[in-house]
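Here the structure comes first, spelled out in C-alpha cells, and everything after it is commentary.
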There are 2 protein chains.
Amino acid sequence: MARNKHPEQTVQRILDTASRLFLERGYDKTTLQDIIDATHLSKGAIYHHFASKEAIIIAVVDRVGEAQSAMLAEVRDRKGLTGAEKLREMFRTSLRMSFQGKILHMLPFIIENPKFMTLQMQSILGEAAPDYVLPVLREGIADGSIQADHPEELSEVLLILANLWLHPIFRPSTPEQVRTRCAFFNQFTRQYGFELLDGDIIDAMAEFCRT
Amino acid sequence: MARNKHPEQTVQRILDTASRLFLERGYDKTTLQDIIDATHLSKGAIYHHFASKEAIIIAVVDRVGEAQSAMLAEVRDRKGLTGAEKLREMFRTSLRMSFQGKILHMLPFIIENPKFMTLQMQSILGEAAPDYVLPVLREGIADGSIQADHPEELSEVLLILANLWLHPIFRPSTPEQVRTRCAFFNQFTRQYGFELLDGDIIDAMAEFCRT
DNA sequence: CAGATACAGACCGGCGGTCTGTATTATTTT
DNA sequence: AAAATAATACAGACCGCCGGTCTGTATCTG
C-alpha cells in the first residue's frame, strides 16, 4: 500500500492501537514492534506520522485531555445551573467517562505508567483546577450554592482527591472500601454546602472494582 | 581486584552513585555505563549485587523509605504523648527531614522521575497510612485528642495531601501559595480536633520555595 | 512529469542483561 | 596443618532487542 488517500485514518489507527497496548502492558513494555504487528503497518509508516515513541503517547494523552477539557468547558459555560450543580455535573461526567471507557479508558495506563502520572498531575493542577473547577466554585460562591473561603485551594484538593485517591483505578480496592471513601469525600464537601457523588456513581465505582 | 572483604561498601557505593546520577539526569537517561564509569566498577560487579537496573533504584527508594519508617515507628511507640501530639510530631519531623536534605534529599528525583512517584504513592498508602498514621489516629480517638469517624480514610487523605499537594517540591510555588495551602490544611484538620502545621514548619516550607 | 506524500523495510548504535573467566577468601576434608 | 573444594567478588566479552534512521518505492497531486 502506498499513498493512502486518508492518512488521518492511519494516525487514528496508530493512536487507537497504541493506547490499547499501553493500557494492556504499560508504556515501557510495549515495543514499537508490538505496535507494528498490531496495526499491520511498517516502522516507516509510524515514524512518518510520529517523531518518536514518546510522541505517540503524548498524542494519546492529549486526545484524552482534550476530550476532558471540552466537556469541562461545556459544563462550565452552560446556562441555568448553579455553581454546585455544575460542579456535580463535572465530577459525575468525568467519572462516567473514565468508567464507560469511551474516552478515558486509557487512564489506568496513565497511572500505571508513571511517566504520565506526572503529566496527569500537571494537567489537574495546571489546567483543570484553575480553568474549569475554580470558576465554577466562584460562581457557586456568588450564587450561594457553595460556601468556601479559599476556592483556589479547594479546587486543587477536590481534584487531587477525586483523581488520585478516590479513583479505584489506582489500586485494587474492594467495593466496600470505595463506598466508605466516597462517603468520606461527600462528608468533606458537605461542609462547603455541596455533594458531588450520588448513588449512581458510587455504584458504578464499586462495580468497577469487581472487574 | 577480587574477593573484596567488605562488599557492603561496594553496594553502598553503587547506591550512592546511582542515586546521585538518577537525581541529576533522571532514571531513564542514566545508563548502566554511566554508573560503571562513575563507580569505577565493572558491569559484572553491579550485576553481582543487583539483579537489574530497576532493582538499583528500588533499593535507593527503599533506603529512603526505611529512614522515614524508622522515624514514624519511633514516634508511634513513644510514651507520654497524646495521639494528636504524636501525629503532629510525625508530620513535623517528616517535613523537617525532607527540607534539611539529610535523608530525603533525593525526594525531588522521586517526583521528577515519575516511575518512583508510583512507588512513593504505594509506600504512602500501603505502609505509612495503615502502619503508622492510622494507629496514632486511633490512639488519639481513644484518648480524646482526636475526633474522627473514619480514621482509615482520614489517614490516607492526610498523607496524600501532605505529600502530593502541600509539599512545595512538586511544583514551583510562591511562599504565599504555600502559606495559604498550609492554612487550608490546618483548617481541614481542625475539624478533627488537631492541627499539624505550626509557624516554624510553614516558615521553613515558604523559605524552601525561594530557593 | 516533477515533486510531494505515504508508506515499506533493511540497517544501526546503544542499551539492559547474560555468561564465562579469574583471583581471592572461606570451608571442608584428610 | 595442609590440601582440596567451594563460594564470593568481581572483570569484561558478548548478545538480543529496542528505538530510531535511512534509503527505496508506489501512488497521488499540481
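Going through the C-alpha cells in order, the chains are called A, B, and so on, while each chain numbers its residues from 1 and the ligands are numbered from 1 in the order shown.
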If you count only C-alpha atoms (C1' of nucleotides), which residues fall within 12 Å of region 8-15 of chain D, apart from same-chain ones fewer than 2 positions away, as a VMD selection string?
(chain B and resid 1 to 8 10 to 11 36 40 to 49) or (chain C and resid 15 to 26) or (chain D and resid 6 17)
Fitted copy of chain A on chain B, all Cα, as a tab-separated table (two decimals) with C-alpha atoms, in the first residue's frame:
```
chain	number	residue	atom	x	y	z
A	1	MET	CA	41.04	-4.34	42.59
A	2	ALA	CA	39.57	-7.71	43.39
A	3	ARG	CA	38.07	-9.52	46.30
A	4	ASN	CA	37.35	-6.41	48.29
A	5	LYS	CA	37.06	-7.20	51.98
A	6	HIS	CA	34.14	-4.84	52.48
A	7	PRO	CA	31.74	-5.37	49.59
A	8	GLU	CA	29.00	-3.71	51.59
A	9	GLN	CA	30.79	-0.43	51.08
A	10	THR	CA	30.67	-0.98	47.36
A	11	VAL	CA	26.94	-1.58	47.54
A	12	GLN	CA	26.48	1.62	49.49
A	13	ARG	CA	28.63	3.51	47.05
A	14	ILE	CA	26.50	2.31	44.17
A	15	LEU	CA	23.35	3.23	46.04
A	16	ASP	CA	24.62	6.65	47.04
A	17	THR	CA	25.87	7.48	43.59
A	18	ALA	CA	22.81	6.13	41.83
A	19	SER	CA	20.40	8.05	44.03
A	20	ARG	CA	22.36	11.22	43.41
A	21	LEU	CA	22.33	10.72	39.66
A	22	PHE	CA	18.66	9.72	39.59
A	23	LEU	CA	17.92	12.86	41.53
A	24	GLU	CA	19.96	15.02	39.18
A	25	ARG	CA	18.82	13.75	35.82
A	26	GLY	CA	16.01	11.28	36.42
A	27	TYR	CA	15.96	7.52	36.18
A	28	ASP	CA	15.60	7.08	32.45
A	29	LYS	CA	18.28	9.57	31.59
A	30	THR	CA	20.77	8.05	33.97
A	31	THR	CA	22.59	5.27	32.16
A	32	LEU	CA	24.54	2.46	33.67
A	33	GLN	CA	27.60	4.02	32.10
A	34	ASP	CA	26.96	7.15	34.15
A	35	ILE	CA	26.92	5.10	37.32
A	36	ILE	CA	30.04	3.26	36.22
A	37	ASP	CA	31.87	6.49	35.54
A	38	ALA	CA	30.78	8.12	38.79
A	39	THR	CA	31.58	5.15	40.98
A	40	HIS	CA	34.77	4.20	39.11
A	41	LEU	CA	33.52	0.65	39.18
A	42	SER	CA	32.93	-1.71	36.31
A	43	LYS	CA	29.76	-3.03	34.81
A	44	GLY	CA	30.65	-6.42	36.23
A	45	ALA	CA	30.88	-5.02	39.72
A	46	ILE	CA	27.47	-3.42	39.55
A	47	TYR	CA	25.79	-6.45	38.07
A	48	HIS	CA	27.50	-8.55	40.68
A	49	HIS	CA	25.62	-6.69	43.40
A	50	PHE	CA	22.40	-5.85	41.57
A	51	ALA	CA	20.39	-7.94	39.17
A	52	SER	CA	19.28	-5.02	37.02
A	53	LYS	CA	19.09	-1.28	36.78
A	54	GLU	CA	15.60	-1.38	38.22
A	55	ALA	CA	16.87	-3.38	41.18
A	56	ILE	CA	19.14	-0.46	41.98
A	57	ILE	CA	16.37	2.08	42.18
A	58	ILE	CA	14.15	-0.27	44.11
A	59	ALA	CA	16.94	-0.65	46.63
A	60	VAL	CA	17.28	3.11	46.77
A	61	VAL	CA	13.57	3.60	47.35
A	62	ASP	CA	13.57	0.85	49.94
A	63	ARG	CA	16.34	2.51	51.86
A	64	VAL	CA	14.28	5.67	51.97
A	65	GLY	CA	11.14	3.85	52.92
A	66	GLU	CA	12.81	1.97	55.72
A	67	ALA	CA	14.19	5.10	57.27
A	68	GLN	CA	10.74	6.68	57.12
A	69	SER	CA	9.04	3.62	58.53
A	70	ALA	CA	11.52	3.36	61.36
A	71	MET	CA	10.85	6.94	62.33
A	72	LEU	CA	7.09	6.53	62.10
A	73	ALA	CA	7.21	3.36	64.16
A	74	GLU	CA	9.34	5.02	66.81
A	75	VAL	CA	6.96	7.94	67.16
A	76	ARG	CA	3.93	5.69	67.13
A	77	ASP	CA	5.29	3.62	69.99
A	78	ARG	CA	6.61	6.51	72.03
A	79	LYS	CA	5.13	6.94	75.48
A	80	GLY	CA	3.74	10.00	77.14
A	81	LEU	CA	2.35	11.76	74.09
A	82	THR	CA	-1.25	12.25	73.03
A	83	GLY	CA	-2.34	11.02	69.64
A	84	ALA	CA	-2.43	14.53	68.29
A	85	GLU	CA	1.09	15.19	69.53
A	86	LYS	CA	2.39	12.03	67.93
A	87	LEU	CA	0.74	12.90	64.66
A	88	ARG	CA	2.26	16.33	64.73
A	89	GLU	CA	5.66	14.84	65.44
A	90	MET	CA	5.28	12.43	62.54
A	91	PHE	CA	4.48	15.08	59.97
A	92	ARG	CA	7.02	17.42	61.41
A	93	THR	CA	9.86	14.92	61.31
A	94	SER	CA	8.90	13.52	57.95
A	95	LEU	CA	8.99	16.95	56.36
A	96	ARG	CA	12.21	17.75	58.17
A	97	MET	CA	13.81	14.64	56.82
A	98	SER	CA	12.83	15.49	53.29
A	99	PHE	CA	14.19	19.01	53.57
A	100	GLN	CA	17.42	18.40	55.37
A	101	GLY	CA	18.24	15.96	52.63
A	102	LYS	CA	19.56	13.54	55.17
A	103	ILE	CA	17.37	10.69	54.21
A	104	LEU	CA	14.62	11.73	51.86
A	105	HIS	CA	16.78	13.97	49.78
A	106	MET	CA	16.00	11.83	46.77
A	107	LEU	CA	12.28	12.11	47.15
A	108	PRO	CA	12.06	14.55	44.27
A	109	PHE	CA	13.34	11.98	41.87
A	110	ILE	CA	10.71	9.60	43.10
A	111	ILE	CA	8.25	12.14	41.93
A	112	GLU	CA	10.01	13.40	38.88
A	113	ASN	CA	10.59	9.88	37.88
A	114	PRO	CA	7.05	8.73	37.80
A	115	LYS	CA	7.82	5.05	37.95
A	116	PHE	CA	8.33	5.52	41.61
A	117	MET	CA	5.56	7.90	42.22
A	118	THR	CA	3.39	4.83	41.99
A	119	LEU	CA	5.60	3.06	44.50
A	120	GLN	CA	5.31	6.16	46.65
A	121	MET	CA	1.51	6.13	46.42
A	122	GLN	CA	1.44	2.46	47.33
A	123	SER	CA	3.74	3.02	50.24
A	124	ILE	CA	1.56	5.89	51.44
A	125	LEU	CA	-1.79	4.20	51.11
A	126	GLY	CA	-0.66	0.66	51.74
A	127	GLU	CA	1.74	1.10	54.62
A	128	ALA	CA	2.08	4.56	56.11
A	129	ALA	CA	-1.65	5.18	56.44
A	130	PRO	CA	-2.82	1.90	57.95
A	131	ASP	CA	0.28	0.99	59.98
A	132	TYR	CA	1.38	4.29	61.43
A	133	VAL	CA	-1.02	7.17	60.98
A	134	LEU	CA	-4.24	5.26	61.58
A	135	PRO	CA	-3.24	3.76	64.97
A	136	VAL	CA	-2.13	7.18	66.14
A	137	LEU	CA	-5.39	8.73	64.95
A	138	ARG	CA	-7.30	6.09	66.91
A	139	GLU	CA	-5.16	6.77	69.92
A	140	GLY	CA	-5.94	10.44	69.62
A	141	ILE	CA	-9.64	9.71	69.40
A	142	ALA	CA	-9.37	7.56	72.50
A	143	ASP	CA	-7.43	10.13	74.53
A	144	GLY	CA	-9.64	12.97	73.35
A	145	SER	CA	-6.99	14.92	71.47
A	146	ILE	CA	-8.60	14.16	68.11
A	147	GLN	CA	-12.21	14.13	66.98
A	148	ALA	CA	-12.90	12.12	63.87
A	149	ASP	CA	-15.66	9.84	62.71
A	150	HIS	CA	-13.74	8.13	59.92
A	151	PRO	CA	-10.10	7.70	60.88
A	152	GLU	CA	-9.33	5.35	57.97
A	153	GLU	CA	-10.31	7.92	55.39
A	154	LEU	CA	-8.78	10.75	57.33
A	155	SER	CA	-5.42	9.00	57.55
A	156	GLU	CA	-5.33	8.53	53.80
A	157	VAL	CA	-6.40	12.06	53.01
A	158	LEU	CA	-3.87	13.55	55.38
A	159	LEU	CA	-1.03	11.63	53.77
A	160	ILE	CA	-2.16	12.24	50.22
A	161	LEU	CA	-2.50	15.94	50.77
A	162	ALA	CA	0.75	16.29	52.66
A	163	ASN	CA	2.81	14.25	50.25
A	164	LEU	CA	1.22	14.90	46.90
A	165	TRP	CA	-0.26	18.33	47.19
A	166	LEU	CA	1.47	20.25	49.93
A	167	HIS	CA	5.01	19.19	49.28
A	168	PRO	CA	6.72	21.88	47.20
A	169	ILE	CA	8.91	19.26	45.62
A	170	PHE	CA	6.16	18.49	43.18
A	171	ARG	CA	6.02	21.67	41.27
A	172	PRO	CA	7.61	25.06	41.28
A	173	SER	CA	5.78	27.14	43.84
A	174	THR	CA	6.28	30.53	45.33
A	175	PRO	CA	6.79	30.81	49.08
A	176	GLU	CA	3.45	32.60	49.28
A	177	GLN	CA	1.63	29.70	47.62
A	178	VAL	CA	3.21	27.30	50.07
A	179	ARG	CA	2.14	29.41	52.99
A	180	THR	CA	-1.47	29.66	51.89
A	181	ARG	CA	-1.54	25.93	51.21
A	182	CYS	CA	-0.19	25.22	54.65
A	183	ALA	CA	-2.80	27.52	56.14
A	184	PHE	CA	-5.50	25.67	54.23
A	185	PHE	CA	-4.14	22.35	55.40
A	186	ASN	CA	-4.11	23.52	59.02
A	187	GLN	CA	-7.62	24.83	58.65
A	188	PHE	CA	-8.62	21.41	57.37
A	189	THR	CA	-7.13	19.50	60.28
A	190	ARG	CA	-8.39	21.98	62.83
A	191	GLN	CA	-11.90	20.68	62.40
A	192	TYR	CA	-10.61	17.40	63.80
A	193	GLY	CA	-9.08	19.15	66.78
A	194	PHE	CA	-5.42	19.21	65.81
A	195	GLU	CA	-2.91	21.18	63.82
A	196	LEU	CA	0.13	19.64	62.15
A	197	LEU	CA	2.14	22.46	60.64
A	198	ASP	CA	3.72	25.07	62.84
A	199	GLY	CA	5.65	28.17	61.88
A	200	ASP	CA	9.00	26.42	61.77
A	201	ILE	CA	8.05	23.90	59.15
A	202	ILE	CA	6.13	26.38	57.08
A	203	ASP	CA	9.18	28.60	57.03
A	204	ALA	CA	11.34	25.68	56.03
A	205	MET	CA	9.00	24.77	53.19
A	206	ALA	CA	8.80	28.34	51.99
A	207	GLU	CA	12.57	28.59	52.13
A	208	PHE	CA	12.84	25.35	50.21
A	209	CYS	CA	10.93	26.91	47.33
A	210	ARG	CA	13.42	29.67	46.88
A	211	THR	CA	16.16	27.19	45.98
```
Using the chain letters and numbers from this document, which residues of chain B does DSSP assign to helix (DSSP H, G or I), as an NGL selection string?
:B and (7-25 or 32-39 or 43-49 or 53-76 or 83-100 or 107-112 or 115-143 or 151-166 or 175-190 or 199-210)
Just want the 12 Å neighbourhood of DA3 (chain D), counted on only C-alpha atoms (C1' of nucleotides), with same-chain residues fewer than 5 positions away dropped. Output as a PDB file with C-alpha atoms (C1' of nucleotides), in the first residue's frame.
```
ATOM      1  C1'  DT C  28      35.653 -28.718  54.434  1.00  0.00           C
ATOM      2  C1'  DT C  29      38.386 -32.924  54.137  1.00  0.00           C
ATOM      3  C1'  DT C  30      42.114 -35.717  55.315  1.00  0.00           C
TER       4       DT C  30
END
```
Counting only C-alpha atoms (C1' of nucleotides), collect the residues of chain C whose closest atom lies at most 9 Å from chain A, and write them out as a PDB file with N, CA and C atoms (P, O5', C5', C4', C3', O3' and C1' of nucleotides), in the first residue's frame.
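The file below, result.pdb, is the result:
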```
ATOM      1  P    DT C   5       4.232  17.192   1.183  1.00  0.00           P
ATOM      2  O5'  DT C   5       3.565  15.739   1.191  1.00  0.00           O
ATOM      3  C5'  DT C   5       2.324  15.558   0.515  1.00  0.00           C
ATOM      4  C4'  DT C   5       1.982  14.086   0.439  1.00  0.00           C
ATOM      5  C3'  DT C   5       2.001  13.337   1.777  1.00  0.00           C
ATOM      6  O3'  DT C   5       0.753  12.701   1.927  1.00  0.00           O
ATOM      7  C1'  DT C   5       3.164  12.125   0.126  1.00  0.00           C
ATOM      8  P    DA C   6       0.263  12.145   3.317  1.00  0.00           P
ATOM      9  O5'  DA C   6       0.543  10.587   3.167  1.00  0.00           O
ATOM     10  C5'  DA C   6      -0.194   9.821   2.219  1.00  0.00           C
ATOM     11  C4'  DA C   6       0.321   8.386   2.217  1.00  0.00           C
ATOM     12  C3'  DA C   6       0.532   7.801   3.619  1.00  0.00           C
ATOM     13  O3'  DA C   6       0.048   6.461   3.647  1.00  0.00           O
ATOM     14  C1'  DA C   6       2.506   7.600   2.366  1.00  0.00           C
ATOM     15  P    DC C   7      -0.206   5.766   5.086  1.00  0.00           P
ATOM     16  O5'  DC C   7       1.236   5.339   5.593  1.00  0.00           O
ATOM     17  C5'  DC C   7       1.609   3.989   5.631  1.00  0.00           C
ATOM     18  C4'  DC C   7       2.420   3.612   4.397  1.00  0.00           C
ATOM     19  C3'  DC C   7       3.336   2.432   4.636  1.00  0.00           C
ATOM     20  O3'  DC C   7       2.666   1.233   4.314  1.00  0.00           O
ATOM     21  C1'  DC C   7       4.348   4.148   3.266  1.00  0.00           C
ATOM     22  P    DA C   8       3.036  -0.096   5.064  1.00  0.00           P
ATOM     23  O5'  DA C   8       4.434  -0.485   4.418  1.00  0.00           O
ATOM     24  C5'  DA C   8       4.512  -0.874   3.059  1.00  0.00           C
ATOM     25  C4'  DA C   8       5.932  -1.303   2.735  1.00  0.00           C
ATOM     26  C3'  DA C   8       6.543  -2.262   3.757  1.00  0.00           C
ATOM     27  O3'  DA C   8       7.002  -3.416   3.074  1.00  0.00           O
ATOM     28  C1'  DA C   8       7.988  -0.393   3.357  1.00  0.00           C
ATOM     29  P    DG C   9       7.327  -4.749   3.887  1.00  0.00           P
ATOM     30  O5'  DG C   9       8.888  -4.595   4.232  1.00  0.00           O
ATOM     31  C5'  DG C   9       9.807  -4.297   3.192  1.00  0.00           C
ATOM     32  C4'  DG C   9      11.162  -3.901   3.766  1.00  0.00           C
ATOM     33  C3'  DG C   9      11.626  -4.722   4.982  1.00  0.00           C
ATOM     34  O3'  DG C   9      13.029  -4.911   4.865  1.00  0.00           O
ATOM     35  C1'  DG C   9      11.770  -2.484   5.481  1.00  0.00           C
TER      36       DG C   9
END
```
With 12 Å as the cut-off and only C-alpha atoms (C1' of nucleotides) counted, what is the closest atom pair between each nearby residue of chain D and chain A? Distances in Å to one decimal, ordered by chain and number, as a tab-separated table.
```
residue	atom	partner	partner_atom	distance
D:DC17	C1'	A:Thr31	CA	9.8
D:DC18	C1'	A:Thr31	CA	7.2
D:DG19	C1'	A:Lys53	CA	7.6
D:DG20	C1'	A:Ser52	CA	7.7
D:DT21	C1'	A:Tyr47	CA	9.7
D:DC22	C1'	A:Gly44	CA	10.0
D:DT23	C1'	A:Gly44	CA	11.0
D:DG24	C1'	A:Gly44	CA	11.4
D:DT25	C1'	A:Ala2	CA	8.6
D:DA26	C1'	A:Ala2	CA	5.6
D:DT27	C1'	A:Arg3	CA	4.9
D:DC28	C1'	A:Arg3	CA	6.4
D:DT29	C1'	A:Arg3	CA	10.9
```
